[in-house]
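Source file: entry-v7.pdb. Holds: PDB, C-alpha atoms and all ligand atoms.
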```pdb
ATOM      1  CA  MET A   1     -96.148 196.902  77.036  1.00  0.00           C
ATOM      2  CA  LYS A   2     -99.777 197.108  75.886  1.00  0.00           C
ATOM      3  CA  LYS A   3    -101.699 193.880  76.434  1.00  0.00           C
ATOM      4  CA  ILE A   4    -104.086 192.317  73.938  1.00  0.00           C
ATOM      5  CA  LEU A   5    -106.534 189.573  74.857  1.00  0.00           C
ATOM      6  CA  VAL A   6    -107.302 187.083  72.071  1.00  0.00           C
ATOM      7  CA  ILE A   7    -110.462 185.030  72.683  1.00  0.00           C
ATOM      8  CA  ASN A   8    -111.260 181.973  70.573  1.00  0.00           C
ATOM      9  CA  GLY A   9    -114.661 180.358  70.776  1.00  0.00           C
ATOM     10  CA  PRO A  10    -116.104 176.871  70.288  1.00  0.00           C
ATOM     11  CA  ASN A  11    -114.442 174.250  68.098  1.00  0.00           C
ATOM     12  CA  LEU A  12    -111.414 176.416  67.368  1.00  0.00           C
ATOM     13  CA  ASN A  13    -109.406 173.988  69.519  1.00  0.00           C
ATOM     14  CA  LEU A  14    -109.895 171.582  66.593  1.00  0.00           C
ATOM     15  CA  LEU A  15    -108.129 173.770  64.034  1.00  0.00           C
ATOM     16  CA  GLY A  16    -105.811 171.718  61.857  1.00  0.00           C
ATOM     17  CA  LYS A  17    -108.070 168.666  62.205  1.00  0.00           C
ATOM     18  CA  ARG A  18    -111.486 170.164  61.487  1.00  0.00           C
ATOM     19  CA  GLU A  19    -112.747 170.963  57.952  1.00  0.00           C
ATOM     20  CA  ILE A  20    -109.241 171.719  56.758  1.00  0.00           C
ATOM     21  CA  GLU A  21    -110.547 172.684  53.308  1.00  0.00           C
ATOM     22  CA  ILE A  22    -112.224 175.658  55.041  1.00  0.00           C
ATOM     23  CA  TYR A  23    -110.020 176.406  58.038  1.00  0.00           C
ATOM     24  CA  GLY A  24    -106.607 175.164  56.894  1.00  0.00           C
ATOM     25  CA  LYS A  25    -104.041 172.835  58.432  1.00  0.00           C
ATOM     26  CA  THR A  26    -102.655 175.211  61.034  1.00  0.00           C
ATOM     27  CA  SER A  27    -103.409 174.339  64.656  1.00  0.00           C
ATOM     28  CA  LEU A  28    -104.616 176.916  67.176  1.00  0.00           C
ATOM     29  CA  LYS A  29    -101.365 176.459  69.114  1.00  0.00           C
ATOM     30  CA  SER A  30     -99.411 177.359  66.006  1.00  0.00           C
ATOM     31  CA  ILE A  31    -101.632 180.406  65.381  1.00  0.00           C
ATOM     32  CA  GLU A  32    -101.047 181.404  68.987  1.00  0.00           C
ATOM     33  CA  ASN A  33     -97.258 181.170  68.621  1.00  0.00           C
ATOM     34  CA  THR A  34     -97.188 183.127  65.350  1.00  0.00           C
ATOM     35  CA  THR A  35     -99.562 185.781  66.693  1.00  0.00           C
ATOM     36  CA  ARG A  36     -97.594 186.151  69.921  1.00  0.00           C
ATOM     37  CA  GLU A  37     -94.307 186.487  68.031  1.00  0.00           C
ATOM     38  CA  PHE A  38     -95.716 189.048  65.581  1.00  0.00           C
ATOM     39  CA  ALA A  39     -97.281 191.007  68.444  1.00  0.00           C
ATOM     40  CA  LYS A  40     -94.012 190.995  70.389  1.00  0.00           C
ATOM     41  CA  ASN A  41     -92.183 192.411  67.364  1.00  0.00           C
ATOM     42  CA  ASN A  42     -94.805 195.157  67.405  1.00  0.00           C
ATOM     43  CA  SER A  43     -94.360 195.859  71.115  1.00  0.00           C
ATOM     44  CA  LEU A  44     -97.605 194.174  72.135  1.00  0.00           C
ATOM     45  CA  GLU A  45     -98.146 191.371  74.622  1.00  0.00           C
ATOM     46  CA  VAL A  46    -100.774 188.775  73.805  1.00  0.00           C
ATOM     47  CA  GLU A  47    -102.863 186.576  76.058  1.00  0.00           C
ATOM     48  CA  PHE A  48    -104.486 183.777  74.060  1.00  0.00           C
ATOM     49  CA  LYS A  49    -107.549 181.869  75.258  1.00  0.00           C
ATOM     50  CA  GLN A  50    -109.978 179.310  73.871  1.00  0.00           C
ATOM     51  CA  SER A  51    -113.228 177.969  75.259  1.00  0.00           C
ATOM     52  CA  ASN A  52    -116.136 175.898  74.046  1.00  0.00           C
ATOM     53  CA  GLU A  53    -118.353 177.496  76.712  1.00  0.00           C
ATOM     54  CA  GLU A  54    -120.285 180.706  76.263  1.00  0.00           C
ATOM     55  CA  SER A  55    -120.194 181.616  79.974  1.00  0.00           C
ATOM     56  CA  GLU A  56    -116.416 181.327  80.132  1.00  0.00           C
ATOM     57  CA  ILE A  57    -116.085 183.611  77.109  1.00  0.00           C
ATOM     58  CA  ILE A  58    -118.429 186.147  78.726  1.00  0.00           C
ATOM     59  CA  ASN A  59    -116.377 186.102  81.946  1.00  0.00           C
ATOM     60  CA  TRP A  60    -113.179 186.744  79.967  1.00  0.00           C
ATOM     61  CA  ILE A  61    -114.827 189.659  78.157  1.00  0.00           C
ATOM     62  CA  GLN A  62    -115.962 191.067  81.512  1.00  0.00           C
ATOM     63  CA  ASP A  63    -112.359 190.810  82.759  1.00  0.00           C
ATOM     64  CA  CYS A  64    -111.561 193.514  80.187  1.00  0.00           C
ATOM     65  CA  MET A  65    -113.453 195.984  82.426  1.00  0.00           C
ATOM     66  CA  LYS A  66    -110.699 195.655  85.034  1.00  0.00           C
ATOM     67  CA  ASN A  67    -108.359 197.640  82.826  1.00  0.00           C
ATOM     68  CA  SER A  68    -105.878 194.812  82.461  1.00  0.00           C
ATOM     69  CA  TYR A  69    -106.122 194.767  78.649  1.00  0.00           C
ATOM     70  CA  ASN A  70    -105.759 197.508  76.062  1.00  0.00           C
ATOM     71  CA  GLY A  71    -107.513 195.695  73.229  1.00  0.00           C
ATOM     72  CA  LEU A  72    -109.546 192.589  72.431  1.00  0.00           C
ATOM     73  CA  LEU A  73    -109.425 190.298  69.394  1.00  0.00           C
ATOM     74  CA  ILE A  74    -112.285 187.810  69.243  1.00  0.00           C
ATOM     75  CA  ASN A  75    -113.092 184.875  67.026  1.00  0.00           C
ATOM     76  CA  ALA A  76    -116.274 183.702  68.694  1.00  0.00           C
ATOM     77  CA  GLY A  77    -116.764 180.786  66.277  1.00  0.00           C
ATOM     78  CA  ALA A  78    -120.436 179.869  65.904  1.00  0.00           C
ATOM     79  CA  TYR A  79    -121.384 182.125  68.859  1.00  0.00           C
ATOM     80  CA  THR A  80    -120.728 185.000  66.451  1.00  0.00           C
ATOM     81  CA  HIS A  81    -124.029 184.232  64.784  1.00  0.00           C
ATOM     82  CA  THR A  82    -126.102 183.364  67.853  1.00  0.00           C
ATOM     83  CA  SER A  83    -124.955 184.973  71.083  1.00  0.00           C
ATOM     84  CA  ILE A  84    -126.757 188.056  72.332  1.00  0.00           C
ATOM     85  CA  ALA A  85    -125.037 187.458  75.683  1.00  0.00           C
ATOM     86  CA  ILE A  86    -121.599 187.885  74.093  1.00  0.00           C
ATOM     87  CA  PHE A  87    -122.902 190.944  72.225  1.00  0.00           C
ATOM     88  CA  ASP A  88    -124.062 192.472  75.529  1.00  0.00           C
ATOM     89  CA  ALA A  89    -120.746 191.704  77.254  1.00  0.00           C
ATOM     90  CA  LEU A  90    -118.808 193.323  74.405  1.00  0.00           C
ATOM     91  CA  LYS A  91    -121.014 196.410  74.650  1.00  0.00           C
ATOM     92  CA  ALA A  92    -120.011 196.787  78.301  1.00  0.00           C
ATOM     93  CA  ILE A  93    -116.280 197.096  77.692  1.00  0.00           C
ATOM     94  CA  LYS A  94    -114.524 200.245  76.593  1.00  0.00           C
ATOM     95  CA  ILE A  95    -111.437 198.953  74.797  1.00  0.00           C
ATOM     96  CA  PRO A  96    -111.061 198.515  70.996  1.00  0.00           C
ATOM     97  CA  ILE A  97    -112.466 195.234  69.655  1.00  0.00           C
ATOM     98  CA  ILE A  98    -111.565 193.459  66.421  1.00  0.00           C
ATOM     99  CA  GLU A  99    -113.702 190.553  65.209  1.00  0.00           C
ATOM    100  CA  ILE A 100    -111.761 187.800  63.450  1.00  0.00           C
ATOM    101  CA  HIS A 101    -112.687 184.816  61.290  1.00  0.00           C
ATOM    102  CA  LEU A 102    -110.439 182.476  59.391  1.00  0.00           C
ATOM    103  CA  SER A 103    -113.033 181.835  56.697  1.00  0.00           C
ATOM    104  CA  ASN A 104    -114.921 184.272  54.505  1.00  0.00           C
ATOM    105  CA  ILE A 105    -118.226 184.095  56.363  1.00  0.00           C
ATOM    106  CA  HIS A 106    -120.038 185.867  53.520  1.00  0.00           C
ATOM    107  CA  LYS A 107    -119.095 183.155  51.063  1.00  0.00           C
ATOM    108  CA  ARG A 108    -120.661 180.370  53.115  1.00  0.00           C
ATOM    109  CA  GLU A 109    -124.081 179.409  54.491  1.00  0.00           C
ATOM    110  CA  GLU A 110    -126.670 182.161  54.831  1.00  0.00           C
ATOM    111  CA  PHE A 111    -126.749 181.889  58.668  1.00  0.00           C
ATOM    112  CA  ARG A 112    -123.071 182.871  58.884  1.00  0.00           C
ATOM    113  CA  LYS A 113    -123.745 186.243  57.279  1.00  0.00           C
ATOM    114  CA  LYS A 114    -125.276 187.583  60.478  1.00  0.00           C
ATOM    115  CA  SER A 115    -122.770 188.554  63.148  1.00  0.00           C
ATOM    116  CA  PHE A 116    -123.830 189.977  66.508  1.00  0.00           C
ATOM    117  CA  ILE A 117    -120.208 190.923  67.115  1.00  0.00           C
ATOM    118  CA  SER A 118    -119.732 193.187  64.084  1.00  0.00           C
ATOM    119  CA  GLU A 119    -122.186 195.648  65.580  1.00  0.00           C
ATOM    120  CA  VAL A 120    -119.892 196.316  68.531  1.00  0.00           C
ATOM    121  CA  ALA A 121    -116.484 195.747  66.941  1.00  0.00           C
ATOM    122  CA  ASN A 122    -114.262 198.558  65.691  1.00  0.00           C
ATOM    123  CA  GLY A 123    -113.573 196.411  62.654  1.00  0.00           C
ATOM    124  CA  VAL A 124    -113.812 192.906  61.237  1.00  0.00           C
ATOM    125  CA  ILE A 125    -111.153 190.761  59.522  1.00  0.00           C
ATOM    126  CA  PHE A 126    -112.172 187.546  57.826  1.00  0.00           C
ATOM    127  CA  GLY A 127    -111.252 185.219  54.991  1.00  0.00           C
ATOM    128  CA  PHE A 128    -107.448 185.113  55.295  1.00  0.00           C
ATOM    129  CA  GLY A 129    -107.097 181.857  57.218  1.00  0.00           C
ATOM    130  CA  SER A 130    -104.639 182.016  60.094  1.00  0.00           C
ATOM    131  CA  TYR A 131    -103.238 185.253  58.630  1.00  0.00           C
ATOM    132  CA  SER A 132    -106.465 186.967  59.794  1.00  0.00           C
ATOM    133  CA  TYR A 133    -104.918 186.972  63.294  1.00  0.00           C
ATOM    134  CA  ILE A 134    -101.786 188.783  62.094  1.00  0.00           C
ATOM    135  CA  LEU A 135    -103.903 191.339  60.245  1.00  0.00           C
ATOM    136  CA  ALA A 136    -105.928 191.837  63.422  1.00  0.00           C
ATOM    137  CA  ILE A 137    -102.767 192.554  65.430  1.00  0.00           C
ATOM    138  CA  MET A 138    -101.799 195.167  62.836  1.00  0.00           C
ATOM    139  CA  ALA A 139    -105.274 196.673  63.052  1.00  0.00           C
ATOM    140  CA  ILE A 140    -105.399 196.838  66.852  1.00  0.00           C
ATOM    141  CA  LYS A 141    -101.904 198.335  66.987  1.00  0.00           C
ATOM    142  CA  ASN A 142    -103.028 201.033  64.570  1.00  0.00           C
ATOM    143  CA  LEU A 143    -106.190 201.710  66.589  1.00  0.00           C
ATOM    144  CA  LEU A 144    -104.254 201.973  69.858  1.00  0.00           C
ATOM    145  CA  GLU A 145    -101.648 204.279  68.349  1.00  0.00           C
ATOM    146  CA  ASN A 146    -104.269 206.560  66.811  1.00  0.00           C
ATOM    147  CA  LYS A 147    -106.208 206.628  70.045  1.00  0.00           C
ATOM    148  CA  ASN A 148    -103.177 207.662  72.033  1.00  0.00           C
ATOM    149  CA  GLY A 149    -101.752 209.942  69.375  1.00  0.00           C
TER     150      GLY A 149
HETATM  151  C1  LIG A 201    -115.333 180.952  62.163  1.00  0.00           C
HETATM  152  C2  LIG A 201    -116.593 181.063  61.296  1.00  0.00           C
HETATM  153  C3  LIG A 201    -117.826 180.612  62.055  1.00  0.00           C
HETATM  154  O1  LIG A 201    -118.981 180.721  61.230  1.00  0.00           O
HETATM  155  C4  LIG A 201    -117.678 179.167  62.497  1.00  0.00           C
HETATM  156  O2  LIG A 201    -118.785 178.768  63.268  1.00  0.00           O
HETATM  157  C5  LIG A 201    -116.395 178.909  63.204  1.00  0.00           C
HETATM  158  C6  LIG A 201    -115.177 179.540  62.715  1.00  0.00           C
HETATM  159  C7  LIG A 201    -114.056 181.279  61.371  1.00  0.00           C
HETATM  160  O3  LIG A 201    -113.045 181.549  62.006  1.00  0.00           O
HETATM  161  O4  LIG A 201    -114.058 181.243  60.135  1.00  0.00           O
HETATM  162  O5  LIG A 201    -116.350 178.133  64.136  1.00  0.00           O
HETATM  163  O6  LIG A 201    -115.442 181.864  63.229  1.00  0.00           O
END
```

Would you mind writing the file's structure down as structure tokens?
Ligand code: DQA
Amino acid sequence: MKKILVINGPNLNLLGKREIEIYGKTSLKSIENTTREFAKNNSLEVEFKQSNEESEIINWIQDCMKNSYNGLLINAGAYTHTSIAIFDALKAIKIPIIEIHLSNIHKREEFRKKSFISEVANGVIFGFGSYSYILAIMAIKNLLENKNG
């Protein structure tokens, strides 16, 4: 089964408790379960991770060079808008990358409109709340099938 790594960045561990008018009431654990189940029904295995630390996220991205994953979904939280180090790490890996956000980052503060990740991602999904993760699974499945077809 193809393996997808899902990386969640800072403060996403607080989903369901944090700014629920923006991010919704669903916890990250619940998003993980729904994403895993949907992926399984689409013949994909998911590994789900969250960290508040930039270096840990970079190490997980670098792990993708070892060929253990076929695709990467990343919601880097606020690091999306600030981290050149995450941008560089993403540039080093060769697998398809989908950037995810729960909120519509273009409808919010000006500083959220800049994403360092979009420049290296195959595509970006944002604004659909927790459903963004399901859409991202659909997108990565399609990318992997087209690549191999
Ligand atoms: C977010 C959007 C970011 O701007 C913010 O810093 C987050 C969450 C989202 O999923 O909507 O932490 O990535």

Residues at most 7 Å from ligand LIG 201 (chain A), using only C-alpha atoms and all ligand atoms? Could they come as a VMD selection string? chain A and resid 10 to 12 23 75 to 78 80 100 to 105 112 126

| message | What's around Lys114 of chain A at 10 Å? Count all atoms listed in the file, leave out sequence neighbours fewer than 4 positions away in its own chain, and write the answer as a PyMOL selection string. | response | chain A and resi 80-82+105-106+110+118

Given the file above and the PyMOL selection byres (((chain A and resi 73) around 12) and not hetatm), which residues are selected, and can you give them as an MDAnalysis selection string?
-> chainID A and resid 3:9 35 46:50 60:61 64 69:72 74:76 90 95:101 117:118 121:125 132:141

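The nearest approach to Asn13 of chain A among the residues A:Leu28, A:Ile84, A:Ala89, A:Ile57, with only C-alpha atoms taken into account, belongs to A:Leu28.
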
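Here atom CA of Met1 of chain A is placed at a distance of 5.8 Å from atom CA of Leu44 of chain A.
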
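From atom CA of Asn52 of chain A back to atom CA of Phe87 of chain A, the distance works out to 16.6 Å.
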
Correct to one decimal, the distance atom CA of Lys113 of chain A-atom CA of Leu143 of chain A is 25.2 Å
